[in-house]
$ cat my_file04.cif   # mmCIF, C-alpha atoms
data_input
loop_
_atom_site.label_atom_id
_atom_site.label_comp_id
_atom_site.auth_asym_id
_atom_site.auth_seq_id
_atom_site.Cartn_x
_atom_site.Cartn_y
_atom_site.Cartn_z
CA MET O 1 0.00 0.00 0.00
CA LYS O 2 3.01 2.30 0.22
CA GLY O 3 3.19 5.03 -2.40
CA VAL O 4 0.89 5.43 -5.39
CA GLY O 5 -1.43 2.52 -6.14
CA THR O 6 -1.90 -0.81 -4.40
CA ASP O 7 -0.29 -4.19 -4.98
CA GLU O 8 -3.52 -6.20 -4.91
CA ALA O 9 -1.67 -9.41 -5.76
CA ALA O 10 0.34 -9.12 -2.54
CA VAL O 11 -2.82 -8.51 -0.52
CA ILE O 12 -4.41 -11.63 -2.03
CA GLU O 13 -1.27 -13.72 -1.57
CA VAL O 14 -1.01 -12.90 2.12
CA LEU O 15 -4.62 -12.79 3.30
CA ALA O 16 -6.13 -15.61 1.22
CA HIS O 17 -3.45 -18.08 2.30
CA ARG O 18 -3.54 -17.52 6.06
CA THR O 19 -5.87 -18.79 8.76
CA ILE O 20 -8.16 -16.53 10.77
CA ALA O 21 -5.79 -16.79 13.73
CA GLN O 22 -2.78 -15.88 11.58
CA ARG O 23 -4.58 -12.89 10.09
CA GLN O 24 -5.30 -11.59 13.59
CA ARG O 25 -1.59 -11.76 14.41
CA ILE O 26 -0.79 -9.97 11.14
CA LYS O 27 -3.20 -7.19 12.13
CA GLU O 28 -1.49 -6.85 15.51
CA ALA O 29 1.99 -6.83 13.96
CA TYR O 30 0.93 -4.22 11.38
CA LYS O 31 -0.43 -1.98 14.14
CA GLN O 32 2.82 -2.27 16.08
CA ALA O 33 5.03 -1.68 13.02
CA VAL O 34 3.07 1.07 11.26
CA GLY O 35 0.92 2.49 14.03
CA LYS O 36 -2.27 2.21 11.98
CA ASP O 37 -5.17 -0.23 11.76
CA LEU O 38 -4.73 -2.63 8.84
CA ALA O 39 -8.45 -2.87 8.07
CA ASP O 40 -8.81 0.92 8.02
CA GLU O 41 -5.82 1.25 5.71
CA LEU O 42 -7.07 -1.40 3.30
CA SER O 43 -10.56 0.09 3.21
CA THR O 44 -9.08 3.33 1.86
CA GLU O 45 -6.94 1.52 -0.71
CA LEU O 46 -9.46 -1.00 -2.05
CA SER O 47 -13.04 -0.81 -3.28
CA GLY O 48 -16.10 -2.80 -4.27
CA ASN O 49 -16.58 -6.50 -3.72
CA PHE O 50 -12.84 -7.12 -3.54
CA CYS O 51 -12.66 -4.80 -0.54
CA SER O 52 -15.64 -6.56 1.07
CA VAL O 53 -13.88 -9.92 0.84
CA VAL O 54 -10.61 -8.56 2.23
CA LEU O 55 -12.27 -6.82 5.17
CA GLY O 56 -14.30 -9.95 5.91
CA LEU O 57 -11.13 -12.05 6.03
CA LEU O 58 -9.66 -9.69 8.64
CA MET O 59 -12.53 -10.16 11.09
CA LEU O 60 -12.97 -12.83 13.73
CA ALA O 61 -15.91 -15.10 12.91
CA PRO O 62 -18.37 -13.68 15.50
CA VAL O 63 -17.44 -10.11 14.55
CA TYR O 64 -17.99 -10.87 10.87
CA ASP O 65 -21.35 -12.48 11.67
CA ALA O 66 -22.48 -9.41 13.59
CA TYR O 67 -21.19 -7.03 10.91
CA GLU O 68 -22.97 -8.89 8.11
CA LEU O 69 -26.21 -9.21 10.04
CA ARG O 70 -26.25 -5.49 10.80
CA ASN O 71 -25.62 -4.68 7.13
CA ALA O 72 -28.42 -7.02 6.05
CA MET O 73 -30.83 -5.11 8.27
CA LYS O 74 -29.60 -1.64 7.28
CA VAL O 75 -30.66 -1.83 3.63
CA SER O 76 -33.97 -0.27 2.58
CA VAL O 77 -35.44 -3.73 1.91
CA LEU O 78 -34.40 -6.26 4.56
CA ASP O 79 -32.09 -8.91 3.09
CA TYR O 80 -33.95 -11.65 4.92
CA LYS O 81 -32.20 -14.48 3.07
CA LEU O 82 -28.83 -13.27 4.29
CA CYS O 83 -30.20 -12.83 7.83
CA ILE O 84 -31.35 -16.45 7.79
CA LEU O 85 -28.01 -17.62 6.43
CA ILE O 86 -26.05 -15.82 9.14
CA LEU O 87 -28.24 -16.67 12.14
CA LEU O 88 -28.75 -20.28 11.12
CA LEU O 89 -25.10 -21.20 11.03
CA SER O 90 -23.34 -18.76 13.30
CA PHE O 91 -22.77 -18.27 16.99
CA PHE O 92 -22.36 -14.91 18.67
CA VAL O 93 -20.20 -14.03 21.63
CA THR O 94 -22.13 -12.79 24.66
CA GLU O 95 -21.22 -9.13 24.19
CA TYR O 96 -23.08 -9.04 20.85
CA GLU O 97 -26.13 -11.10 21.71
CA LYS O 98 -28.40 -8.50 23.31
CA ASP O 99 -27.64 -5.82 20.71
CA LEU O 100 -28.33 -8.34 17.94
CA GLU O 101 -31.59 -9.41 19.52
CA ASP O 102 -32.67 -5.75 19.76
CA ALA O 103 -31.68 -5.19 16.12
CA VAL O 104 -33.61 -8.23 14.91
CA CYS O 105 -36.69 -7.14 16.88
CA GLY O 106 -36.41 -3.62 15.51
CA ASP O 107 -36.08 -4.60 11.84
CA THR O 108 -38.37 -7.62 11.51
CA SER O 109 -41.87 -8.56 12.59
CA GLY O 110 -44.35 -11.37 13.07
CA MET O 111 -43.48 -15.05 12.94
CA PHE O 112 -40.34 -14.37 10.90
CA GLN O 113 -39.06 -12.25 13.78
CA ARG O 114 -39.80 -15.09 16.20
CA VAL O 115 -37.82 -17.52 14.03
CA LEU O 116 -34.77 -15.25 13.91
CA VAL O 117 -34.90 -14.49 17.64
CA SER O 118 -35.22 -18.23 18.36
CA LEU O 119 -32.17 -18.99 16.22
CA LEU O 120 -30.27 -16.32 18.15
CA THR O 121 -31.41 -17.05 21.71
CA ALA O 122 -33.16 -20.41 22.05
CA GLY O 123 -30.00 -22.49 22.25
CA ARG O 124 -30.14 -25.53 20.00
CA ASP O 125 -29.39 -28.85 21.69
CA GLU O 126 -25.82 -29.62 20.58
CA SER O 127 -25.77 -33.24 21.76
CA ASN O 128 -26.08 -36.28 19.49
CA LYS O 129 -28.85 -37.85 21.57
CA VAL O 130 -32.00 -39.05 19.82
CA ASP O 131 -35.13 -39.51 21.91
CA GLU O 132 -37.09 -41.96 19.77
CA ALA O 133 -40.42 -41.39 21.51
CA GLN O 134 -39.98 -37.61 21.33
CA ALA O 135 -39.02 -37.81 17.65
CA VAL O 136 -42.28 -39.62 16.89
CA GLN O 137 -44.23 -37.05 18.91
CA ASP O 138 -42.43 -34.14 17.23
CA ALA O 139 -43.28 -35.52 13.80
CA LYS O 140 -46.90 -35.94 14.83
CA ASP O 141 -47.03 -32.42 16.29
CA ILE O 142 -45.67 -30.89 13.08
CA TYR O 143 -48.10 -32.88 10.96
CA GLU O 144 -51.07 -31.86 13.09
CA ALA O 145 -49.87 -28.24 13.00
CA GLY O 146 -49.78 -28.21 9.20
CA GLU O 147 -51.01 -30.82 6.76
CA ALA O 148 -53.67 -32.23 9.11
CA ARG O 149 -55.52 -28.98 9.74
CA TRP O 150 -56.90 -25.89 8.06
CA GLY O 151 -54.24 -23.21 8.34
CA THR O 152 -50.82 -23.65 9.91
CA ASP O 153 -49.63 -23.43 13.51
CA GLU O 154 -46.13 -22.11 12.82
CA VAL O 155 -45.23 -22.12 16.53
CA LYS O 156 -45.13 -25.93 16.51
CA PHE O 157 -42.66 -25.90 13.62
CA LEU O 158 -40.64 -23.26 15.43
CA THR O 159 -40.52 -25.25 18.67
CA VAL O 160 -39.12 -28.35 16.99
CA LEU O 161 -36.92 -26.98 14.20
CA CYS O 162 -35.12 -24.29 16.19
CA VAL O 163 -34.30 -26.31 19.31
CA ARG O 164 -33.77 -30.02 18.53
CA ASN O 165 -30.31 -31.34 17.63
CA GLN O 166 -29.38 -32.53 14.15
CA ASN O 167 -29.54 -36.27 14.78
CA HIS O 168 -32.90 -35.93 16.49
CA LEU O 169 -34.29 -33.84 13.63
CA MET O 170 -33.18 -36.40 11.07
CA ARG O 171 -35.33 -38.97 12.92
CA VAL O 172 -38.19 -36.47 13.08
CA PHE O 173 -37.99 -36.02 9.31
CA GLU O 174 -38.09 -39.80 8.79
CA GLU O 175 -41.10 -40.17 11.06
CA TYR O 176 -42.80 -37.21 9.39
CA GLN O 177 -42.50 -38.96 6.03
CA LYS O 178 -44.26 -42.00 7.51
CA VAL O 179 -47.03 -39.97 9.14
CA SER O 180 -47.76 -37.57 6.29
CA GLY O 181 -46.58 -39.39 3.19
CA ARG O 182 -44.59 -36.29 2.25
CA ASP O 183 -41.09 -34.99 2.71
CA ILE O 184 -40.94 -32.23 5.33
CA GLU O 185 -39.62 -29.78 2.70
CA ASP O 186 -42.66 -30.37 0.50
CA SER O 187 -45.00 -29.73 3.41
CA ILE O 188 -43.25 -26.48 4.32
CA LYS O 189 -43.62 -25.31 0.73
CA ARG O 190 -47.33 -26.20 0.79
CA GLU O 191 -48.06 -24.64 4.17
CA MET O 192 -45.95 -21.47 4.17
CA SER O 193 -44.72 -18.70 1.90
CA GLY O 194 -42.26 -15.81 1.69
CA CYS O 195 -39.53 -15.29 4.25
CA LEU O 196 -41.07 -17.73 6.73
CA GLU O 197 -40.99 -20.53 4.15
CA GLU O 198 -37.40 -19.57 3.31
CA ALA O 199 -36.39 -19.69 6.98
CA PHE O 200 -37.87 -23.09 7.76
CA LEU O 201 -36.59 -24.61 4.51
CA ALA O 202 -33.10 -23.31 5.29
CA ILE O 203 -33.18 -24.95 8.72
CA VAL O 204 -34.31 -28.29 7.29
CA LYS O 205 -31.81 -28.27 4.44
CA CYS O 206 -28.98 -27.31 6.77
CA MET O 207 -29.83 -30.12 9.17
CA LYS O 208 -29.89 -32.63 6.32
CA SER O 209 -26.54 -31.54 4.83
CA LYS O 210 -24.59 -28.35 5.41
CA PRO O 211 -22.38 -28.84 2.31
CA ALA O 212 -25.47 -29.35 0.11
CA PHE O 213 -27.16 -26.32 1.69
CA PHE O 214 -24.16 -24.10 0.94
CA ALA O 215 -23.67 -25.55 -2.53
CA GLU O 216 -27.27 -24.67 -3.40
CA ARG O 217 -26.89 -21.14 -2.01
CA LEU O 218 -23.71 -20.61 -4.01
CA TYR O 219 -25.33 -21.92 -7.18
CA LYS O 220 -28.37 -19.68 -6.78
CA SER O 221 -26.14 -16.67 -6.07
CA MET O 222 -24.49 -17.07 -9.49
CA LYS O 223 -27.00 -18.70 -11.83
CA GLY O 224 -28.72 -16.62 -14.49
CA LEU O 225 -28.08 -12.94 -15.07
CA GLY O 226 -26.20 -11.08 -12.37
CA THR O 227 -24.66 -12.26 -9.12
CA THR O 228 -25.91 -11.99 -5.55
CA ASP O 229 -22.51 -10.93 -4.28
CA SER O 230 -23.53 -10.61 -0.61
CA VAL O 231 -24.34 -14.33 -0.43
CA LEU O 232 -21.34 -15.38 -2.51
CA ILE O 233 -18.91 -13.36 -0.38
CA ARG O 234 -20.53 -14.41 2.87
CA ILE O 235 -20.18 -18.14 2.17
CA MET O 236 -16.72 -18.03 0.63
CA VAL O 237 -15.27 -16.00 3.51
CA ALA O 238 -17.06 -17.84 6.32
CA ARG O 239 -16.60 -21.43 5.09
CA ALA O 240 -13.12 -21.28 3.53
CA GLU O 241 -11.47 -22.86 6.58
CA ILE O 242 -14.35 -25.08 7.65
CA ASP O 243 -15.85 -27.25 4.91
CA MET O 244 -14.98 -25.75 1.52
CA LEU O 245 -13.73 -29.10 0.20
CA ASP O 246 -17.05 -30.75 1.09
CA ILE O 247 -19.00 -27.86 -0.44
CA LYS O 248 -16.99 -28.09 -3.66
CA ALA O 249 -17.58 -31.84 -3.90
CA GLN O 250 -21.30 -31.40 -3.28
CA PHE O 251 -21.52 -28.57 -5.82
CA LEU O 252 -19.99 -30.80 -8.51
CA LYS O 253 -22.33 -33.66 -7.59
CA MET O 254 -25.45 -31.50 -7.65
CA TYR O 255 -24.75 -29.32 -10.69
CA GLY O 256 -22.21 -31.20 -12.82
CA LYS O 257 -19.79 -28.27 -12.85
CA THR O 258 -17.08 -27.17 -10.46
CA LEU O 259 -17.57 -24.30 -8.07
CA TYR O 260 -14.26 -22.92 -9.33
CA SER O 261 -15.56 -22.71 -12.92
CA PHE O 262 -18.78 -21.02 -11.77
CA ILE O 263 -16.89 -18.35 -9.83
CA LYS O 264 -14.45 -17.85 -12.69
CA GLY O 265 -17.26 -17.34 -15.18
CA ASP O 266 -19.37 -15.09 -12.98
CA THR O 267 -16.85 -12.68 -11.46
CA SER O 268 -13.90 -10.61 -12.65
CA GLY O 269 -10.73 -8.77 -11.65
CA ASP O 270 -9.19 -8.97 -8.20
CA TYR O 271 -12.58 -9.97 -6.80
CA ARG O 272 -12.45 -13.10 -8.93
CA LYS O 273 -8.81 -13.78 -8.04
CA ILE O 274 -9.33 -13.73 -4.27
CA LEU O 275 -12.49 -15.84 -4.45
CA LEU O 276 -10.70 -18.45 -6.56
CA GLU O 277 -7.89 -18.57 -4.00
CA LEU O 278 -10.42 -19.13 -1.22
CA CYS O 279 -12.08 -21.80 -3.36
CA GLY O 280 -8.75 -23.59 -3.66
CA GLY O 281 -8.67 -24.72 -7.28
CA GLU O 282 -10.76 -27.09 -9.35
#
$ encode --input "my_file04.cif" --output "C-alpha cells"
Amino acid sequence: MKGVGTDEAAVIEVLAHRTIAQRQRIKEAYKQAVGKDLADELSTELSGNFCSVVLGLLMLAPVYDAYELRNAMKVSVLDYKLCILILLLSFFVTEYEKDLEDAVCGDTSGMFQRVLVSLLTAGRDESNKVDEAQAVQDAKDIYEAGEARWGTDEVKFLTVLCVRNQNHLMRVFEEYQKVSGRDIEDSIKREMSGCLEEAFLAIVKCMKSKPAFFAERLYKSMKGLGTTDSVLIRIMVARAEIDMLDIKAQFLKMYGKTLYSFIKGDTSGDYRKILLELCGGE
C-alpha cells in the first residue's frame, strides 16, 4: 500500500493463504510496526466487492457475523435471506447477543421475527442424543400443526426446528415422512410462503446436509443474469477454513460443474482472483 497505487496481488497472496488466527496476528503486527489499523488502511486503498472480501477475512468469525447481520438489516429492503443464512449457522459471543436481539426485533416482525430471535437465543441442543419417543411425537405435532388442519400453527414448527439437535431432527424427518406421506420440505412449501418458508426450509436443508445447503446457495447466487454478491462473499469468507472441500464436492455432484468454474465465469478482476484462491482450485 506504500506510495501510489496498491499491490492487490500481494494482498491476495497474504490474506487468502492464512488462517483466521494468523490474520489476527498480522493485524497486531501491522499496528505495532506502522501504528495504523490494517483494516482501516485497506478500506481506503481498495473498493467494491474485492474490498468486502478482504475486510471480511480480517474479522474474527463472531465479529464478521455481527457485521454482516447489521448490514443485512440496514438496507432499505431487509435482506432476509442473508439474515437467515447468518443466524442459522453462526454463533455470537455474549457481548453481541443483546444488541443483535434488539436489532432483529427492531427490523423484523411477526413469525419471521420469532424464528430469527429463536435462532439467536433459544440455544439448540448440541448433543447427538435421539429420543425416539420424542421424535415420533415431534413428527406428529408438526403434521397436526400443518397438513392435518386448516391453516398452519407455525409455533409448533418453530418449537421443533429451532431447538432439537441434528440427529434428532433427522429422525423427526423420517417419522414425518411416515405420518404424512410427504417430505418435510414439500409440506413447508405447501403450508408457508415468503420469508417464513425460506427460513424453515433453510433450517431443514442445513440439518440434512450443510455442504449441500451451501452448494445450493452458491449456485443460486451465481445462476442466471447477475450475481448476488452478498451471499457469494458471505459463504466463501465464512466457510473457507471449515468445509470448503465438502461444499466443492457437493456442488460438482449437484450441478455437474465445479464451483471454481462457476466463480471464474461469474466474477472478474481482483474480486475473482481472491475468491478463486479461497475456493482452492478445481
$ atom_distance --input "my_file04.cif" --atom1 "CA of Ala249 (chain O)" --atom2 "CA of Phe214 (chain O)"
11.3 Å
$ resolve_selection --input "my_file04.cif" --expression "the PyMOL selection byres ((chain O and resi 279) around 12)" --output "JSON, numbers by chain"
{"O": [16, 17, 218, 232, 233, 235, 236, 237, 238, 239, 240, 241, 242, 243, 244, 245, 246, 247, 248, 249, 251, 258, 259, 260, 261, 262, 263, 264, 272, 273, 274, 275, 276, 277, 278, 280, 281, 282]}
$ write_last_selection --input "my_file04.cif" --atoms "C-alpha atoms" --output "CSV table (one decimal), keeping the file's coordinate frame"
chain,number,residue,atom,x,y,z
O,16,ALA,CA,-6.1,-15.6,1.2
O,17,HIS,CA,-3.4,-18.1,2.3
O,218,LEU,CA,-23.7,-20.6,-4.0
O,232,LEU,CA,-21.3,-15.4,-2.5
O,233,ILE,CA,-18.9,-13.4,-0.4
O,235,ILE,CA,-20.2,-18.1,2.2
O,236,MET,CA,-16.7,-18.0,0.6
O,237,VAL,CA,-15.3,-16.0,3.5
O,238,ALA,CA,-17.1,-17.8,6.3
O,239,ARG,CA,-16.6,-21.4,5.1
O,240,ALA,CA,-13.1,-21.3,3.5
O,241,GLU,CA,-11.5,-22.9,6.6
O,242,ILE,CA,-14.4,-25.1,7.6
O,243,ASP,CA,-15.8,-27.2,4.9
O,244,MET,CA,-15.0,-25.8,1.5
O,245,LEU,CA,-13.7,-29.1,0.2
O,246,ASP,CA,-17.0,-30.8,1.1
O,247,ILE,CA,-19.0,-27.9,-0.4
O,248,LYS,CA,-17.0,-28.1,-3.7
O,249,ALA,CA,-17.6,-31.8,-3.9
O,251,PHE,CA,-21.5,-28.6,-5.8
O,258,THR,CA,-17.1,-27.2,-10.5
O,259,LEU,CA,-17.6,-24.3,-8.1
O,260,TYR,CA,-14.3,-22.9,-9.3
O,261,SER,CA,-15.6,-22.7,-12.9
O,262,PHE,CA,-18.8,-21.0,-11.8
O,263,ILE,CA,-16.9,-18.4,-9.8
O,264,LYS,CA,-14.4,-17.8,-12.7
O,272,ARG,CA,-12.4,-13.1,-8.9
O,273,LYS,CA,-8.8,-13.8,-8.0
O,274,ILE,CA,-9.3,-13.7,-4.3
O,275,LEU,CA,-12.5,-15.8,-4.4
O,276,LEU,CA,-10.7,-18.4,-6.6
O,277,GLU,CA,-7.9,-18.6,-4.0
O,278,LEU,CA,-10.4,-19.1,-1.2
O,280,GLY,CA,-8.8,-23.6,-3.7
O,281,GLY,CA,-8.7,-24.7,-7.3
O,282,GLU,CA,-10.8,-27.1,-9.4
$ resolve_selection --input "my_file04.cif" --expression "the PyMOL selection byres ((chain O and resi 206) around 12)" --output "PyMOL selection string"
chain O and resi 84-85+87-89+161-162+165-166+169-170+185+198-205+207-217
$ write_last_selection --input "my_file04.cif" --atoms "C-alpha atoms" --output "PDB file, in the frame of the given file"
ATOM      1  CA  ILE O  84     -31.350 -16.450   7.790  1.00  0.00           C
ATOM      2  CA  LEU O  85     -28.010 -17.620   6.430  1.00  0.00           C
ATOM      3  CA  LEU O  87     -28.240 -16.670  12.140  1.00  0.00           C
ATOM      4  CA  LEU O  88     -28.750 -20.280  11.120  1.00  0.00           C
ATOM      5  CA  LEU O  89     -25.100 -21.200  11.030  1.00  0.00           C
ATOM      6  CA  LEU O 161     -36.920 -26.980  14.200  1.00  0.00           C
ATOM      7  CA  CYS O 162     -35.120 -24.290  16.190  1.00  0.00           C
ATOM      8  CA  ASN O 165     -30.310 -31.340  17.630  1.00  0.00           C
ATOM      9  CA  GLN O 166     -29.380 -32.530  14.150  1.00  0.00           C
ATOM     10  CA  LEU O 169     -34.290 -33.840  13.630  1.00  0.00           C
ATOM     11  CA  MET O 170     -33.180 -36.400  11.070  1.00  0.00           C
ATOM     12  CA  GLU O 185     -39.620 -29.780   2.700  1.00  0.00           C
ATOM     13  CA  GLU O 198     -37.400 -19.570   3.310  1.00  0.00           C
ATOM     14  CA  ALA O 199     -36.390 -19.690   6.980  1.00  0.00           C
ATOM     15  CA  PHE O 200     -37.870 -23.090   7.760  1.00  0.00           C
ATOM     16  CA  LEU O 201     -36.590 -24.610   4.510  1.00  0.00           C
ATOM     17  CA  ALA O 202     -33.100 -23.310   5.290  1.00  0.00           C
ATOM     18  CA  ILE O 203     -33.180 -24.950   8.720  1.00  0.00           C
ATOM     19  CA  VAL O 204     -34.310 -28.290   7.290  1.00  0.00           C
ATOM     20  CA  LYS O 205     -31.810 -28.270   4.440  1.00  0.00           C
ATOM     21  CA  MET O 207     -29.830 -30.120   9.170  1.00  0.00           C
ATOM     22  CA  LYS O 208     -29.890 -32.630   6.320  1.00  0.00           C
ATOM     23  CA  SER O 209     -26.540 -31.540   4.830  1.00  0.00           C
ATOM     24  CA  LYS O 210     -24.590 -28.350   5.410  1.00  0.00           C
ATOM     25  CA  PRO O 211     -22.380 -28.840   2.310  1.00  0.00           C
ATOM     26  CA  ALA O 212     -25.470 -29.350   0.110  1.00  0.00           C
ATOM     27  CA  PHE O 213     -27.160 -26.320   1.690  1.00  0.00           C
ATOM     28  CA  PHE O 214     -24.160 -24.100   0.940  1.00  0.00           C
ATOM     29  CA  ALA O 215     -23.670 -25.550  -2.530  1.00  0.00           C
ATOM     30  CA  GLU O 216     -27.270 -24.670  -3.400  1.00  0.00           C
ATOM     31  CA  ARG O 217     -26.890 -21.140  -2.010  1.00  0.00           C
TER      32      ARG O 217
END
$ atom_distance --input "my_file04.cif" --atom1 "CA of His168 (chain O)" --atom2 "CA of Asp65 (chain O)"
26.6 Å
$ atom_distance --input "my_file04.cif" --atom1 "CA of Glu13 (chain O)" --atom2 "CA of Met222 (chain O)"
24.8 Å
$ residues_around --input "my_file04.cif" --residues "Gly146 (chain O)" --least-positions-apart "5" --cutoff "8 Å" --atoms "only C-alpha atoms" --output "list in words"
Gly151, Thr152, Asp153, Glu154, Ser187 and Glu191 of chain O
$ closest_residue --input "my_file04.cif" --among "O:Leu38, O:Leu46, O:Leu55, O:Ala9" --to "Arg234 (chain O)" --atoms "all atoms listed in the file"
O:Leu55
$ residues_around --input "my_file04.cif" --residues "Ala139 (chain O)" --least-positions-apart "3" --cutoff "10 Å" --atoms "only C-alpha atoms" --output "VMD selection string"
chain O and resid 134 to 136 142 to 145 157 160 169 171 to 180 184
$ closest_residue --input "my_file04.cif" --among "O:Asp270, O:Thr228, O:Glu147, O:Val163" --to "Met192 (chain O)" --atoms "all atoms listed in the file"
O:Glu147
$ axis_aligned_box --input "my_file04.cif" --around "region 265-271 of chain O" --padding-each-side "6 Å" --output "AutoDock Vina command-line options"
--center_x -14.3 --center_y -13.1 --center_z -11.0 --size_x 22.2 --size_y 20.6 --size_z 20.4
$ closest_residue --input "my_file04.cif" --among "O:Ala33, O:Thr267, O:Glu68, O:Asp40" --to "Lys223 (chain O)" --atoms "all atoms listed in the file"
O:Thr267
$ resolve_selection --input "my_file04.cif" --expression "the PyMOL selection byres ((chain O and resi 24) around 12)" --output "PDB file with C-alpha atoms, keeping the file's coordinate frame"
ATOM      1  CA  LEU O  15      -4.620 -12.790   3.300  1.00  0.00           C
ATOM      2  CA  ARG O  18      -3.540 -17.520   6.060  1.00  0.00           C
ATOM      3  CA  THR O  19      -5.870 -18.790   8.760  1.00  0.00           C
ATOM      4  CA  ILE O  20      -8.160 -16.530  10.770  1.00  0.00           C
ATOM      5  CA  ALA O  21      -5.790 -16.790  13.730  1.00  0.00           C
ATOM      6  CA  GLN O  22      -2.780 -15.880  11.580  1.00  0.00           C
ATOM      7  CA  ARG O  23      -4.580 -12.890  10.090  1.00  0.00           C
ATOM      8  CA  ARG O  25      -1.590 -11.760  14.410  1.00  0.00           C
ATOM      9  CA  ILE O  26      -0.790  -9.970  11.140  1.00  0.00           C
ATOM     10  CA  LYS O  27      -3.200  -7.190  12.130  1.00  0.00           C
ATOM     11  CA  GLU O  28      -1.490  -6.850  15.510  1.00  0.00           C
ATOM     12  CA  ALA O  29       1.990  -6.830  13.960  1.00  0.00           C
ATOM     13  CA  TYR O  30       0.930  -4.220  11.380  1.00  0.00           C
ATOM     14  CA  LYS O  31      -0.430  -1.980  14.140  1.00  0.00           C
ATOM     15  CA  ASP O  37      -5.170  -0.230  11.760  1.00  0.00           C
ATOM     16  CA  LEU O  38      -4.730  -2.630   8.840  1.00  0.00           C
ATOM     17  CA  ALA O  39      -8.450  -2.870   8.070  1.00  0.00           C
ATOM     18  CA  LEU O  55     -12.270  -6.820   5.170  1.00  0.00           C
ATOM     19  CA  GLY O  56     -14.300  -9.950   5.910  1.00  0.00           C
ATOM     20  CA  LEU O  57     -11.130 -12.050   6.030  1.00  0.00           C
ATOM     21  CA  LEU O  58      -9.660  -9.690   8.640  1.00  0.00           C
ATOM     22  CA  MET O  59     -12.530 -10.160  11.090  1.00  0.00           C
ATOM     23  CA  LEU O  60     -12.970 -12.830  13.730  1.00  0.00           C
ATOM     24  CA  ALA O  61     -15.910 -15.100  12.910  1.00  0.00           C
TER      25      ALA O  61
END
$ closest_residue --input "my_file04.cif" --among "O:Arg124, O:Ser47, O:Lys129, O:Val231" --to "Thr159 (chain O)" --atoms "all atoms listed in the file"
O:Arg124
$ closest_residue --input "my_file04.cif" --among "O:Asn49, O:Met1, O:Arg70, O:Val54" --to "Ser268 (chain O)" --atoms "only C-alpha atoms"
O:Asn49
$ build_atoms --input "my_file04.cif" --residues "region 3-14 of chain O" --atoms "N, CA and C atoms" --output "short mmCIF file (atom, residue, chain, number, x, y, z; two decimals), in the coordinates of the input"
data_model
loop_
_atom_site.label_atom_id
_atom_site.label_comp_id
_atom_site.auth_asym_id
_atom_site.auth_seq_id
_atom_site.Cartn_x
_atom_site.Cartn_y
_atom_site.Cartn_z
N GLY O 3 3.06 4.30 -1.16
CA GLY O 3 3.19 5.03 -2.40
C GLY O 3 1.91 5.05 -3.21
N VAL O 4 2.05 5.33 -4.50
CA VAL O 4 0.89 5.43 -5.39
C VAL O 4 0.42 4.03 -5.79
N GLY O 5 -0.89 3.81 -5.72
CA GLY O 5 -1.43 2.52 -6.14
C GLY O 5 -1.32 1.47 -5.06
N THR O 6 -1.89 0.30 -5.36
CA THR O 6 -1.90 -0.81 -4.40
C THR O 6 -1.50 -2.09 -5.11
N ASP O 7 -0.68 -2.89 -4.45
CA ASP O 7 -0.29 -4.19 -4.98
C ASP O 7 -1.34 -5.21 -4.53
N GLU O 8 -2.41 -5.31 -5.29
CA GLU O 8 -3.52 -6.20 -4.91
C GLU O 8 -3.08 -7.65 -4.86
N ALA O 9 -2.15 -8.02 -5.73
CA ALA O 9 -1.67 -9.41 -5.76
C ALA O 9 -1.03 -9.79 -4.42
N ALA O 10 -0.30 -8.86 -3.84
CA ALA O 10 0.34 -9.12 -2.54
C ALA O 10 -0.71 -9.26 -1.44
N VAL O 11 -1.73 -8.42 -1.50
CA VAL O 11 -2.82 -8.51 -0.52
C VAL O 11 -3.49 -9.87 -0.60
N ILE O 12 -3.78 -10.32 -1.83
CA ILE O 12 -4.41 -11.63 -2.03
C ILE O 12 -3.50 -12.76 -1.55
N GLU O 13 -2.23 -12.67 -1.92
CA GLU O 13 -1.27 -13.72 -1.57
C GLU O 13 -1.17 -13.91 -0.07
N VAL O 14 -1.15 -12.81 0.66
CA VAL O 14 -1.01 -12.90 2.12
C VAL O 14 -2.32 -13.32 2.78
#
